[in-house]
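Asks: Below you'll find the structure I mean.
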Amino acid sequence: MERSKRLFMQGNEAIAEGAIAAGARFYAGYPITPSSEIAEVCSRRLPEVGGIFVQMEDEIASIAAVIGASLAGVKAFTATSGPGFSLMQENIGLAVMGEVPCVVVNVQRSGPSTGLATKVAQADVMQARWGRHGDQLLIALSPASVQECFELTVAAFNLAERFRVPVVLLADEIVAHLREVVELPPAEKLPIVARRYPLCPPDEYLPFRPGADGVPPLAAFGSEYVFHITSSMHGEDGFSNNDPANAARKIARLFTKITSHREEVVQVKGYGCDGTLDILLVTFGCTVRPARAAAARAGKLKVGVLQLVTLWPFPDREVKLLARRAKAVVVAELNYGQVVCEVERVVGGERPVYGLHKYNGEGFTPGEIAARLEEVAGLCGL
Amino acid sequence: MRALAGNAWWEYIKKEMLPHMWCPGCGNGIVLRCLARALAALGLPRHRVVVVTGIGCWGKADDYLRTNALHTTHGRALAFATGIKLARPELVVLVLMGDGDCATIGGNHLIHAARRNVDLTAVVVNNFNYGMTGGQVSATTPRGAVTSTTALGNPERGFDLCKIADAAGANLVARATVYHVPLLERLLREGISKKGFSFLEVVSPCPTHYGRRNRLGTPAEMMRYLKERSLGVHAPAARRGEVPEGYILIGKLAERDEPDFLAAYEQVRQRASGRGERK
């Protein structure tokens with residue numbers, strides 16, 4: 001049996017290697033800082049493993065090609081940053097509507113617009129969730145280390161196939177450009193979810209007839225199953241359908257096929273979260289590391305760090321349960337205030353919720369977070 | 001190549017969806033039938049064909065076809081089709097777009113699909129305006145023409161789509177009108193069979209919007225206009241390069257045999273495997 005490999009690697013490289021390990025054989029993208037290394041690695045690595053790399057004319061075309069490749073039965077992904085992510089939104093909506101598995105990596109940088117193009121931010125959390133028009137739900141994961149860049153990319157492909165949904169890997173400039181040692185497990189130890197293909201006779205296949213779990217099996221173009229996918233509202237046969245009852249059923253299923261399996265989707269990590277806490281420090285991505293360092297130096301204050309690995313659907317229950325064991329909640333994030341609103345919604349006034357927000361293109365230092373913890377302790381009389 | 005006898009082409013038409021939604025006098029139905037007949041003549045099994053459409057009147061064509069289909073967002077059909085073709089090269093990928101879809105919102109994808117020379121067949125029905133949304137100006141509307149958003153005359157020039165496709169490097173560039181059915185069918189067969197990017201423009205009347213606003217007469221009169229104002233590429237005047245103003249040049253306009261994207265990418269793969277061996 002192959003042993004796992006220990007390598008010194010950059011976050012963006014780990015994302016590319018994670019995608020290939022997950023079975024991705026198609027990448028279409030457009031260069032943008034700070035995600036470009038993913039494209040560069042894929043342009044060398046994909047042809048080595050029989051895959052295809054294509055640099056498209058823009059991000060709109062990139063996500064379109066990814067969706068096309070996925071429907072032809074090949075696991076496919078793209079990577080970008082804020083401006084490109086904005087351009088992709090309409091076609092990500094098509095992937096939601098057409099229930100096309102694919103992975104979109106957004107290495108977040110400081111905005112709005114061109115912003116501080118080479119600097120970090122965590123300000124696309126709400127865009128990942130709400131960036132498209134219409135009612136819909138997708139899955140978003142956020143890595144906090146190079147190891148997680150690899151692991152969560154694999155998880156992103158697995159979830160995309162499992163639920164026939166686009167999955168956003170919401171990385172950030174710090175994590176993506178960080179270099180550290182990663183352990184890559186041997187292929188046979190990597191849990192890979194294969195696409196669920198239809199088993200019925202080809203004449204009976206309906207591309208949007210859900211299985212018992214709410215997720216319809218998906219054939220591939222070119223197989224004996226001939227099928228139709230459309231961006232318009234459609235019935236189970238994939239053809240346009242204007243019936244209000246059908247539309248309501250379809251929209252609801254876009255949510256419930258994911259939310260009714262939230263235990264497969266929602267992942268958090270707790271650091272020092274046992275027992276009762278003075279402060280629950282909620283964070284994600286590159287802010288996890290300085291948050292843990294700040295918690296460790298909090299002296300007599302007992303601070304637990306809750307890392308949101310899954311950002312969407314939001315880990316409501318996990319945040320709510322842990323918040324009840326703390327006297328106050330602090331949310332640290334590199335934006336003007338996004339996840340803190342979700343935490344306030346979930347905690348619902350049961351505990352005071354304080355934000356710590358930085359939006360100048362720099363990451364947090366442990367000292368900045370520690371200072372806010374002290375301040376909150378003072379405000380709450382801890 | 002006259003293997004068109006019988007009704008084999010009906011196999012490709014989703015009969016239960018008929019009658020189609022297009023207006024009386026629209027040319028889309030003619031193009032649809034020619035496309036089905038071309039598929040039948042080439043004997044392509046339905047499961048090997050993917051029709052990719054954008055948004056617009058002609059973009060609804062996939063609703064009437066029994067092949068695989070992907071109905072996409074406005075202007076982006078060529079990019080979706082690129083992903084399908086590169087991922088599964090054995091598929092025959094047809095991209096059906098109107099002038100608004102392909103040339104106006106999607107113009108960037110057109111030039112790059114042609115430059116990249118992906119083995120796709122683009123069938124662009126050009127009716128010189130946005131039919132579905134009420135007859136607005138498009139990038140092929142001639143200067144001076146009246147549309148619902150150029151009520152006082154179009155101040156802009158229209159694109160010559162075939163010149164764009166040719167300049168961008170398509171392996172096959174051709175034009176027909178919906179009056180010239182045998183030519184249209186032949187060019188569809190050639191386009192589908194041709195390796196690399198094939199671009200076929202089909203000039204078609206929109207009596208509901210464009211014809212009415214520009215006083216071009218009845219659908220029959222618009223059809224007669226296509227007949228009388230078309231000039232084949234082999235006509236003496238066309239050979240001399242003297243196409244009179246307002247005439248539509250039809251036939252095969254450009255052909256070359258440049259390697260398509262996947263043929264060129266094969267060399268990338270070979271270099272990649274060579275590099276792997278050196279490691």
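Identifiers in this document derive from the order of the structure tokens: chains are assigned A, B, ..., residues are numbered from 1 separately in each chain, and ligands are numbered from 1 in order of occurrence.
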Which chain A residues are at most 10 Å from chain B (counting only C-alpha atoms), as a ChimeraX atom specification?

Replies: /A:25-28,43-54,56-58,60-76,90-91,93-95,98,220-232,238-240

Asks: For Ile20 of chain A, which residue out of A:Arg317, A:Glu368, A:Gly361, A:Phe157 is the nearest one, using only C-alpha atoms?

Replies: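 Smallest separation from Ile20 of chain A among the options: A:Phe157.
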
Asks: Could you pull out all residues of segment 62-272 of chain B with a DSSP call of helix (DSSP H, G or I) and give them as a ChimeraX atom specification?

Replies: /B:62-64,77-87,99-105,107-116,161-168,181-193,207-213,219-228,236-239,261-272

Asks: Please provide the set of residues having any atom within 9 Å of segment 99-105 of chain A, restricted to only C-alpha atoms, with same-chain residues fewer than 4 positions apart removed, written as a PyMOL selection string.

Replies: chain A and resi 15+19+35+63+66-68+70-71+75-81+85+92+94-95+153+156-157+159-171+195+208+215-216+218+229+254

Asks: Residues near Val124 of chain B, anyone? I mean within 12 Å using only C-alpha atoms, not counting same-chain ones fewer than 5 positions away, as a CSV table (one decimal) with C-alpha atoms, in the first residue's frame.

Replies:
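File produced: around.csv:
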chain,number,residue,atom,x,y,z
B,27,GLY,CA,-37.6,31.3,-40.8
B,28,ASN,CA,-36.6,29.4,-37.7
B,31,VAL,CA,-33.7,26.0,-40.2
B,32,LEU,CA,-34.9,23.5,-37.7
B,52,VAL,CA,-26.4,24.0,-27.1
B,53,THR,CA,-28.6,27.1,-27.2
B,54,GLY,CA,-28.5,30.6,-25.8
B,56,GLY,CA,-33.6,34.3,-28.0
B,57,CYS,CA,-36.2,33.0,-30.5
B,58,TRP,CA,-33.8,30.6,-32.2
B,59,GLY,CA,-32.4,29.7,-28.8
B,61,ALA,CA,-34.9,25.4,-30.9
B,75,GLY,CA,-24.6,35.0,-25.1
B,77,ALA,CA,-23.6,29.1,-25.5
B,78,LEU,CA,-20.3,28.8,-27.3
B,94,LEU,CA,-24.1,22.2,-32.4
B,95,VAL,CA,-24.5,25.7,-31.1
B,96,LEU,CA,-27.7,27.5,-32.1
B,97,MET,CA,-27.7,31.2,-31.5
B,98,GLY,CA,-29.4,34.3,-32.9
B,99,ASP,CA,-27.6,37.6,-33.8
B,100,GLY,CA,-28.3,39.2,-30.5
B,101,ASP,CA,-27.1,36.1,-28.6
B,102,CYS,CA,-24.0,35.3,-30.7
B,103,ALA,CA,-22.8,38.6,-32.1
B,104,THR,CA,-24.0,41.2,-29.6
B,106,GLY,CA,-21.7,36.9,-26.9
B,107,GLY,CA,-19.4,38.5,-29.5
B,110,LEU,CA,-17.5,34.0,-30.9
B,140,THR,CA,-26.3,43.1,-37.1
B,161,LEU,CA,-20.6,38.0,-38.9
B,162,CYS,CA,-18.9,35.9,-41.5
B,165,ALA,CA,-15.6,34.4,-38.0
B,173,VAL,CA,-17.4,30.0,-42.8
B,174,ALA,CA,-20.6,30.0,-44.8
B,175,ARG,CA,-23.8,31.9,-45.3
B,176,ALA,CA,-27.2,30.9,-46.5
B,177,THR,CA,-30.7,32.3,-46.3
B,178,VAL,CA,-33.9,30.4,-45.3
B,184,LEU,CA,-28.6,25.6,-46.2
B,188,LEU,CA,-25.2,22.3,-42.4
B,198,SER,CA,-17.6,25.9,-38.4
B,199,PHE,CA,-19.6,29.1,-38.6
B,200,LEU,CA,-22.9,29.2,-40.6
B,201,GLU,CA,-24.9,32.4,-40.8
B,202,VAL,CA,-28.5,31.9,-41.8
B,203,VAL,CA,-30.3,35.1,-42.9
B,204,SER,CA,-33.9,34.9,-41.9

Asks: Report as a count of residues only: the residues of segment 91-185 of chain B with a DSSP assignment of strand (DSSP E), based on the backbone of this structure.

Replies: 23

Asks: As a count of residues only, please: the residues near Pro313 of chain A (cut-off 8 Å, only C-alpha atoms, same-chain neighbours under 2 positions excluded).

Replies: 11

Asks: Can you work out the spacing between atom CA of Ala194 of chain A and atom CA of Gln147 of chain A in Å, to one decimal?

Replies: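 We find that atom CA of Ala194 of chain A and atom CA of Gln147 of chain A lie 22.6 Å from each other.
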